[in-house]
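J.: Contents of model-v4.tsv (TSV, C-alpha atoms):
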chain	number	residue	atom	x	y	z
A	129	MET	CA	31.71	-8.47	7.39
A	130	SER	CA	29.97	-11.36	5.65
A	131	LEU	CA	30.93	-14.98	6.11
A	132	LEU	CA	32.14	-15.25	2.53
A	133	GLU	CA	34.52	-12.35	3.10
A	134	THR	CA	36.24	-14.00	6.06
A	135	THR	CA	38.85	-16.73	6.07
A	136	ALA	CA	36.54	-19.16	7.86
A	137	PRO	CA	34.65	-21.38	5.40
A	138	VAL	CA	30.87	-21.49	5.41
A	139	LYS	CA	29.61	-24.60	7.19
A	140	LEU	CA	26.88	-26.14	5.07
A	141	LEU	CA	24.45	-28.90	6.03
A	142	ILE	CA	22.61	-30.76	3.26
A	143	VAL	CA	19.31	-32.40	4.18
A	144	ASP	CA	17.94	-34.87	1.62
A	145	ASP	CA	16.56	-38.36	2.06
A	146	HIS	CA	18.17	-39.50	-1.20
A	147	GLN	CA	21.73	-40.43	-0.27
A	148	VAL	CA	23.09	-40.31	-3.82
A	149	PHE	CA	21.62	-36.85	-4.49
A	150	ALA	CA	22.90	-35.53	-1.16
A	151	GLU	CA	26.40	-36.83	-1.85
A	152	GLY	CA	26.31	-35.26	-5.30
A	153	LEU	CA	25.49	-31.85	-3.83
A	154	GLU	CA	28.17	-32.37	-1.21
A	155	ALA	CA	30.72	-32.92	-4.00
A	156	VAL	CA	29.55	-29.77	-5.79
A	157	PHE	CA	30.14	-27.61	-2.71
A	158	ARG	CA	33.46	-29.25	-1.89
A	159	ALA	CA	34.65	-27.95	-5.26
A	160	GLU	CA	33.44	-24.44	-4.44
A	161	PRO	CA	35.80	-22.10	-2.59
A	162	GLY	CA	34.69	-20.88	0.82
A	163	PHE	CA	32.44	-23.82	1.74
A	164	GLU	CA	32.80	-26.64	4.24
A	165	PRO	CA	30.06	-29.23	3.62
A	166	LEU	CA	29.17	-31.25	6.69
A	167	ALA	CA	28.05	-34.86	6.57
A	168	ALA	CA	24.67	-34.92	4.83
A	169	VAL	CA	21.59	-35.78	6.89
A	170	THR	CA	19.12	-38.21	5.31
A	171	ASP	CA	16.98	-38.90	8.39
A	172	PRO	CA	14.61	-35.98	9.08
A	173	ASP	CA	14.55	-36.86	12.78
A	174	GLN	CA	18.27	-36.07	12.94
A	175	VAL	CA	18.04	-32.58	11.36
A	176	VAL	CA	17.38	-30.52	14.49
A	177	PRO	CA	19.97	-32.41	16.60
A	178	ALA	CA	22.55	-32.02	13.81
A	179	VAL	CA	21.91	-28.28	13.53
A	180	THR	CA	22.04	-27.84	17.30
A	181	ALA	CA	25.30	-29.76	17.58
A	182	GLN	CA	27.18	-28.55	14.51
A	183	ARG	CA	25.79	-24.99	14.15
A	184	PRO	CA	25.94	-24.77	10.34
A	185	ASP	CA	25.85	-21.37	8.68
A	186	ALA	CA	23.50	-22.58	5.94
A	187	VAL	CA	21.18	-25.52	5.34
A	188	ILE	CA	19.93	-26.92	2.05
A	189	MET	CA	16.54	-28.44	2.86
A	190	ASP	CA	14.64	-30.85	0.62
A	191	VAL	CA	10.88	-30.33	0.72
A	192	HIS	CA	9.90	-34.00	0.69
A	193	LEU	CA	11.65	-36.06	3.37
A	194	GLY	CA	9.52	-39.19	3.40
A	195	GLU	CA	6.63	-38.55	5.73
A	196	VAL	CA	8.16	-35.29	6.97
A	197	ASN	CA	7.66	-31.91	5.29
A	198	GLY	CA	10.93	-30.05	4.84
A	199	ILE	CA	9.14	-26.71	5.02
A	200	ASP	CA	7.89	-27.56	8.51
A	201	LEU	CA	11.48	-28.39	9.47
A	202	THR	CA	12.58	-25.07	7.95
A	203	ALA	CA	10.17	-23.21	10.24
A	204	VAL	CA	11.61	-25.06	13.25
A	205	LEU	CA	15.18	-24.17	12.28
A	206	THR	CA	14.50	-20.51	11.53
A	207	ALA	CA	12.74	-20.11	14.89
A	208	GLN	CA	15.94	-21.02	16.75
A	209	PRO	CA	18.28	-18.38	18.19
A	210	ASP	CA	20.95	-17.46	15.63
A	211	PRO	CA	19.35	-19.69	12.96
A	212	PRO	CA	21.12	-20.89	9.83
A	213	ALA	CA	20.17	-19.51	6.43
A	214	VAL	CA	17.90	-22.10	4.84
A	215	VAL	CA	17.57	-22.72	1.11
A	216	VAL	CA	14.67	-24.98	0.15
A	217	LEU	CA	15.22	-27.51	-2.61
A	218	THR	CA	12.22	-29.03	-4.37
A	219	ALA	CA	11.22	-31.04	-7.39
A	220	TYR	CA	7.93	-29.12	-7.53
A	221	CYS	CA	8.66	-25.47	-8.25
A	222	ASP	CA	5.14	-24.09	-7.78
A	223	THR	CA	3.80	-20.84	-6.34
A	224	ALA	CA	2.06	-22.38	-3.31
A	225	THR	CA	5.19	-24.24	-2.18
A	226	ALA	CA	7.30	-21.10	-2.67
A	227	ILE	CA	4.91	-19.03	-0.54
A	228	ASN	CA	4.99	-21.67	2.20
A	229	ALA	CA	8.80	-21.68	2.07
A	230	ILE	CA	8.92	-17.88	2.43
A	231	GLN	CA	6.49	-18.00	5.34
A	232	ALA	CA	8.70	-20.63	7.00
A	233	GLY	CA	11.67	-18.27	6.77
A	234	ALA	CA	13.55	-19.74	3.81
A	235	MET	CA	16.03	-17.41	2.15
A	236	GLY	CA	16.08	-19.30	-1.13
A	237	PHE	CA	13.97	-21.63	-3.22
A	238	VAL	CA	15.59	-23.79	-5.90
A	239	SER	CA	14.24	-26.41	-8.28
A	240	LYS	CA	15.98	-29.77	-8.47
A	241	GLU	CA	15.44	-29.60	-12.21
A	242	GLY	CA	17.77	-26.60	-12.53
A	243	PRO	CA	21.57	-26.56	-12.80
A	244	ALA	CA	23.78	-27.01	-9.75
A	245	GLU	CA	24.98	-23.43	-10.22
A	246	HIS	CA	21.55	-22.22	-9.11
A	247	VAL	CA	21.91	-24.03	-5.79
A	248	VAL	CA	25.37	-22.54	-5.24
A	249	THR	CA	24.12	-19.05	-6.13
A	250	ALA	CA	21.14	-19.40	-3.81
A	251	VAL	CA	23.28	-20.49	-0.86
A	252	ARG	CA	25.80	-17.69	-1.45
A	253	ALA	CA	22.99	-15.13	-1.55
A	254	ALA	CA	21.40	-16.53	1.61
A	255	VAL	CA	24.68	-16.49	3.54
A	256	LEU	CA	25.20	-12.86	2.52
A	257	GLY	CA	21.77	-12.00	3.90
A	258	GLY	CA	19.98	-11.89	0.56
A	259	THR	CA	17.46	-14.14	-1.12
A	260	TRP	CA	17.39	-16.18	-4.30
A	261	PHE	CA	14.24	-17.30	-6.09
A	262	PRO	CA	13.80	-18.08	-9.79
A	263	ALA	CA	12.81	-14.77	-11.40
A	264	GLY	CA	9.72	-16.13	-13.14
A	265	LEU	CA	8.47	-17.90	-10.02
A	266	LEU	CA	9.22	-14.92	-7.81
A	267	GLY	CA	7.06	-12.74	-10.04
A	268	MET	CA	4.13	-15.14	-9.67
A	269	VAL	CA	4.63	-15.33	-5.91
A	270	LEU	CA	4.68	-11.57	-5.50
A	271	ALA	CA	1.73	-11.17	-7.83
A	272	ALA	CA	-0.30	-13.21	-5.35
A	273	THR	CA	-0.23	-10.26	-2.98
A	274	GLN	CA	-1.61	-6.78	-3.55
A	275	ASP	CA	1.31	-5.10	-1.81
A	276	PRO	CA	4.75	-6.41	-2.76
A	277	PHE	CA	6.25	-4.97	0.42
A	278	SER	CA	3.71	-6.53	2.79
A	279	ASP	CA	4.19	-9.55	5.04
A	280	PRO	CA	5.07	-12.37	4.63
A	281	LEU	CA	6.78	-11.42	1.39
A	282	GLY	CA	8.09	-8.11	2.62
A	283	GLN	CA	11.43	-9.69	3.50
A	284	LEU	CA	12.19	-9.99	-0.20
A	285	PHE	CA	12.21	-6.22	-0.68
A	286	GLY	CA	12.40	-5.13	2.95
A	287	GLN	CA	16.09	-6.00	3.01
A	288	LEU	CA	16.77	-3.09	0.64
A	289	THR	CA	17.87	0.19	2.19
A	290	GLU	CA	15.86	3.32	1.53
A	291	ARG	CA	18.49	4.48	-0.97
A	292	GLU	CA	18.45	1.09	-2.74
A	293	ARG	CA	14.66	1.25	-3.05
A	294	GLU	CA	15.02	4.70	-4.57
A	295	VAL	CA	17.58	3.40	-7.06
A	296	LEU	CA	15.37	0.39	-7.89
A	297	GLN	CA	12.46	2.73	-8.58
A	298	MET	CA	14.62	4.73	-10.96
A	299	MET	CA	15.82	1.52	-12.63
A	300	VAL	CA	12.21	0.50	-13.21
A	301	SER	CA	11.53	3.98	-14.59
A	302	GLY	CA	14.21	3.46	-17.21
A	303	LEU	CA	16.86	5.89	-16.00
A	304	ASP	CA	20.46	5.07	-16.84
A	305	ARG	CA	23.36	5.32	-14.41
A	306	GLN	CA	24.30	8.83	-15.44
A	307	ALA	CA	20.75	10.10	-14.95
A	308	MET	CA	20.44	8.35	-11.59
A	309	ALA	CA	23.77	9.79	-10.46
A	310	ALA	CA	22.59	13.29	-11.38
A	311	ARG	CA	19.34	12.91	-9.42
A	312	LEU	CA	21.09	11.44	-6.37
A	313	TYR	CA	24.01	13.87	-6.49
A	314	ARG	CA	26.34	10.87	-6.41
A	315	SER	CA	28.92	9.46	-8.77
A	316	PRO	CA	28.01	6.81	-11.38
A	317	ASP	CA	30.32	4.39	-9.55
A	318	THR	CA	28.25	4.82	-6.37
A	319	VAL	CA	25.08	4.11	-8.36
A	320	LYS	CA	26.76	1.04	-9.84
A	321	THR	CA	27.47	-0.22	-6.33
A	322	HIS	CA	23.82	0.30	-5.33
A	323	ILE	CA	22.65	-1.63	-8.40
A	324	ARG	CA	25.03	-4.49	-7.64
A	325	ASN	CA	23.81	-4.65	-4.04
A	326	ILE	CA	20.16	-4.63	-5.16
A	327	ALA	CA	20.74	-7.53	-7.54
A	328	ALA	CA	22.57	-9.50	-4.83
A	329	LYS	CA	19.89	-8.92	-2.20
A	330	LEU	CA	17.07	-9.87	-4.56
A	331	GLY	CA	19.03	-12.94	-5.64
A	332	THR	CA	19.04	-11.94	-9.31
A	333	GLN	CA	21.91	-12.35	-11.73
A	334	SER	CA	21.76	-8.89	-13.29
A	335	ALA	CA	20.17	-5.45	-13.09
A	336	THR	CA	17.78	-6.48	-15.86
A	337	GLU	CA	16.49	-9.42	-13.82
A	338	ALA	CA	16.14	-7.15	-10.78
A	339	VAL	CA	13.95	-4.80	-12.81
A	340	ALA	CA	11.89	-7.75	-14.09
A	341	VAL	CA	11.34	-8.97	-10.53
A	342	ALA	CA	10.33	-5.48	-9.39
A	343	LEU	CA	7.88	-5.11	-12.28
A	344	ASN	CA	6.37	-8.51	-11.55
A	345	ALA	CA	6.09	-7.45	-7.91
A	346	GLY	CA	3.95	-4.49	-8.86
A	347	LEU	CA	6.51	-1.70	-8.89
A	348	ARG	CA	5.60	0.70	-11.70
A	349	PRO	CA	7.64	3.30	-13.58
A	350	GLU	CA	7.46	6.84	-12.27
A	351	LEU	CA	8.33	9.65	-14.64
A	352	PRO	CA	10.68	12.24	-13.13
A	353	PRO	CA	8.97	15.58	-12.48
A	354	PRO	CA	9.52	18.03	-15.33
A	355	GLY	CA	12.01	20.77	-14.58
A	356	PRO	CA	11.28	24.46	-15.13
A	357	ARG	CA	11.37	25.45	-18.75
A	358	ARG	CA	14.00	27.99	-19.63
A	359	ARG	CA	13.30	30.54	-22.33
A	360	GLN	CA	15.86	30.12	-25.04
A	361	PRO	CA	17.58	33.38	-26.09
A	362	PRO	CA	17.26	34.34	-29.80
A	363	PRO	CA	20.18	33.20	-31.91
A	364	GLU	CA	22.87	35.80	-32.45
A	365	PRO	CA	23.42	37.03	-36.03
A	366	PRO	CA	26.54	35.67	-37.64
A	367	ARG	CA	29.58	37.85	-37.26
A	368	PRO	CA	31.92	38.44	-40.17
A	369	ALA	CA	35.35	36.96	-39.88
A	370	PRO	CA	38.15	39.37	-38.97
A	371	GLY	CA	39.44	41.23	-42.07
A	372	ALA	CA	36.53	40.15	-44.22
A	373	ALA	CA	34.78	42.80	-46.32
A	374	SER	CA	31.27	43.69	-45.29
A	375	LEU	CA	28.50	42.66	-47.63
A	376	ARG	CA	26.31	45.58	-46.57
A	377	PRO	CA	26.14	48.44	-49.14
A	378	SER	CA	28.08	51.49	-47.95
A	379	HIS	CA	26.43	54.89	-47.38
A	380	PRO	CA	25.94	56.84	-50.69
A	381	ALA	CA	27.96	59.80	-49.41
A	382	ARG	CA	30.87	57.56	-48.57
A	383	ARG	CA	30.66	55.89	-51.97
A	384	ARG	CA	30.80	59.24	-53.82
A	385	ALA	CA	33.75	60.40	-51.69
A	386	ALA	CA	35.61	57.27	-52.61
A	387	GLU	CA	35.02	57.84	-56.33
A	388	THR	CA	36.46	61.42	-56.37
Show this structure as structure tokens.
T.:
Amino acid sequence: MSLLETTAPVKLLIVDDHQVFAEGLEAVFRAEPGFEPLAAVTDPDQVVPAVTAQRPDAVIMDVHLGEVNGIDLTAVLTAQPDPPAVVVLTAYCDTATAINAIQAGAMGFVSKEGPAEHVVTAVRAAVLGGTWFPAGLLGMVLAATQDPFSDPLGQLFGQLTEREREVLQMMVSGLDRQAMAARLYRSPDTVKTHIRNIAAKLGTQSATEAVAVALNAGLRPELPPPGPRRRQPPPEPPRPAPGAASLRPSHPARRRAAET
């Protein structure tokens, strides 16, 4: 059972050296159900002691903490036993920084220029065991590797089950839910659940965004194998309605017998 499905609120630690910004984020999460924001940490030297003492479930980590790199701190936190889910927050949403964040073990990457809803969505996805990256940036990050399922980026797609990967492949190939259900021998509602789980794990807002991310990652449509062709039987001749007179000419002998 996930943390968001339990009665216990998610303990969240915000790390940012700008006190006003940190307090603003704290207020945002206090208004969100299911979260318990801890006192924000503005001193990077206090991050590891605060995490060790308070055991937060999730950490929002600013990249630039004065002379300290927040990504280096992320790597330290994710290397701990039972580490918190870390979402990196940055003013510079570039491919190189995103790759470094992924390598450090971050489960999300959010731009400070975006809306607060993105931060909330990213933290929710991370706590649930998924990831959240801006779709456009994620495509560029994955394009930097030849194999979208290889390390260190394999965690982005590696969290999908074998069945979810199969469904994602069919989504990319353009199959609708009914067609996918027929191929999987499952109900459309089961397929809908798979699609919802895929979107959540990839941190996307919809099935369309999940397909866009997969395409940017290098996943390509695969046409379903053609089924055996069945020979169509010839059409049957129309049958006259019951009681209707036949339009075929009667036999001459019968016609003469009728006239006498």
J.: Kindly provide, as number ranges by chain, the polymer residues lying within 10 Å of (21.7, -22.3, 8.1), counting all atoms listed in the file and using the coordinates exactly as they appear in the file.
T.: A: 138-142, 179, 183-189, 202, 205-206, 210-215, 234-235, 251, 254-255
J.: Compile the contact shell of Asp317 of chain A as a ChimeraX atom specification: residues with an atom at most 10 Å away, counting all atoms listed in the file, same-chain residues fewer than 4 positions apart removed.
T.: /A:305-306,309,321-323
J.: I'd like the neighbourhood of Val156 of chain A as a PyMOL selection string, where a residue qualifies if any of its atoms comes within 12 Å (using all atoms listed in the file), though same-chain residues fewer than 6 positions away should be ignored.
T.: chain A and resi 140+142+149-150+163-165+243-248
J.: Counting all atoms listed in the file, what is within 8 Å of segment 167-174 of chain A, bar same-chain residues fewer than 3 positions away, as a ChimeraX atom specification?
T.: /A:141-147,150-151,154,177-178,193,196
J.: Please report the interatomic distance between atom CA of Phe157 of chain A and atom CA of Asp190 of chain A in Å with one decimal.
T.: 16.2 Å
J.: May I ask for the distance between atom CA of Pro262 of chain A and atom CA of Gly242 of chain A, given in Å to one decimal place?
T.: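 Taking atom CA of Pro262 of chain A as the start and atom CA of Gly242 of chain A as the end point, the length is 9.8 Å.
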J.: Just give me the gap between atom CA of Arg158 of chain A and atom CA of Ile230 of chain A in Å, one decimal is fine.
T.: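 About the pair atom CA of Arg158 of chain A and atom CA of Ile230 of chain A: they are 27.4 Å apart.
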J.: Given only C-alpha atoms as the basis, pick out the residue of A:His192, A:Thr225, A:Leu296, A:Asp304 nearest to Glu337 of chain A.
T.: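 Closest residue, counting only C-alpha atoms: A:Leu296.
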J.: For Leu330 of chain A, which of A:Pro316, A:Ser301, A:Arg348, A:Glu292 is the closest residue, counting only C-alpha atoms?
T.: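 Using only C-alpha atoms, the shortest distance to Leu330 of chain A belongs to A:Glu292.
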J.: Nearest to Ala342 of chain A: which of A:Val300, A:Ala155, A:Ala328, A:Leu217 is it, counting all atoms listed in the file?
T.: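 Ranking A:Val300, A:Ala155, A:Ala328, A:Leu217 by distance to Ala342 of chain A, first place goes to A:Val300.
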J.: Rank nothing, just name the residue among A:Leu312, A:Ala219, A:Ala203, A:Ile326 nearest to Ala338 of chain A, using all atoms listed in the file.
T.: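 Checking each candidate against Ala338 of chain A, we get A:Ile326 as the closest.
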J.: Which residue is closest to Gly236 of chain A? Choose from A:Val216, A:Gln287, A:Asp222, A:Gln297 and count only C-alpha atoms.
T.: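 With only C-alpha atoms as the atom set, the closest residue is A:Val216.
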J.: Give me segment 308-322 of chain A with N, CA and C atoms filled in, as a compact mmCIF listing (two decimals), in the coordinates of the input.
T.:
# COMPACT_ATOMS: atom_id res chain seq x y z
N MET A 308 20.65 8.63 -13.01
CA MET A 308 20.44 8.35 -11.59
C MET A 308 21.47 9.08 -10.74
N ALA A 309 22.71 9.10 -11.20
CA ALA A 309 23.77 9.79 -10.46
C ALA A 309 23.45 11.28 -10.34
N ALA A 310 22.92 11.87 -11.42
CA ALA A 310 22.59 13.29 -11.38
C ALA A 310 21.46 13.57 -10.39
N ARG A 311 20.47 12.69 -10.33
CA ARG A 311 19.34 12.91 -9.42
C ARG A 311 19.72 12.67 -7.96
N LEU A 312 20.69 11.76 -7.74
CA LEU A 312 21.09 11.44 -6.37
C LEU A 312 22.25 12.30 -5.89
N TYR A 313 22.82 13.09 -6.81
CA TYR A 313 24.01 13.87 -6.49
C TYR A 313 25.14 12.95 -6.01
N ARG A 314 25.28 11.84 -6.70
CA ARG A 314 26.34 10.87 -6.41
C ARG A 314 27.05 10.52 -7.70
N SER A 315 28.17 9.84 -7.58
CA SER A 315 28.92 9.46 -8.77
C SER A 315 28.29 8.23 -9.42
N PRO A 316 28.51 8.03 -10.72
CA PRO A 316 28.01 6.81 -11.38
C PRO A 316 28.55 5.54 -10.75
N ASP A 317 29.77 5.57 -10.21
CA ASP A 317 30.32 4.39 -9.55
C ASP A 317 29.53 4.04 -8.29
N THR A 318 29.08 5.07 -7.55
CA THR A 318 28.25 4.82 -6.37
C THR A 318 26.93 4.19 -6.77
N VAL A 319 26.34 4.69 -7.85
CA VAL A 319 25.08 4.11 -8.36
C VAL A 319 25.31 2.67 -8.78
N LYS A 320 26.44 2.40 -9.41
CA LYS A 320 26.76 1.04 -9.84
C LYS A 320 26.83 0.10 -8.64
N THR A 321 27.40 0.58 -7.54
CA THR A 321 27.47 -0.22 -6.33
C THR A 321 26.07 -0.50 -5.78
N HIS A 322 25.20 0.52 -5.78
CA HIS A 322 23.82 0.30 -5.33
C HIS A 322 23.13 -0.75 -6.18
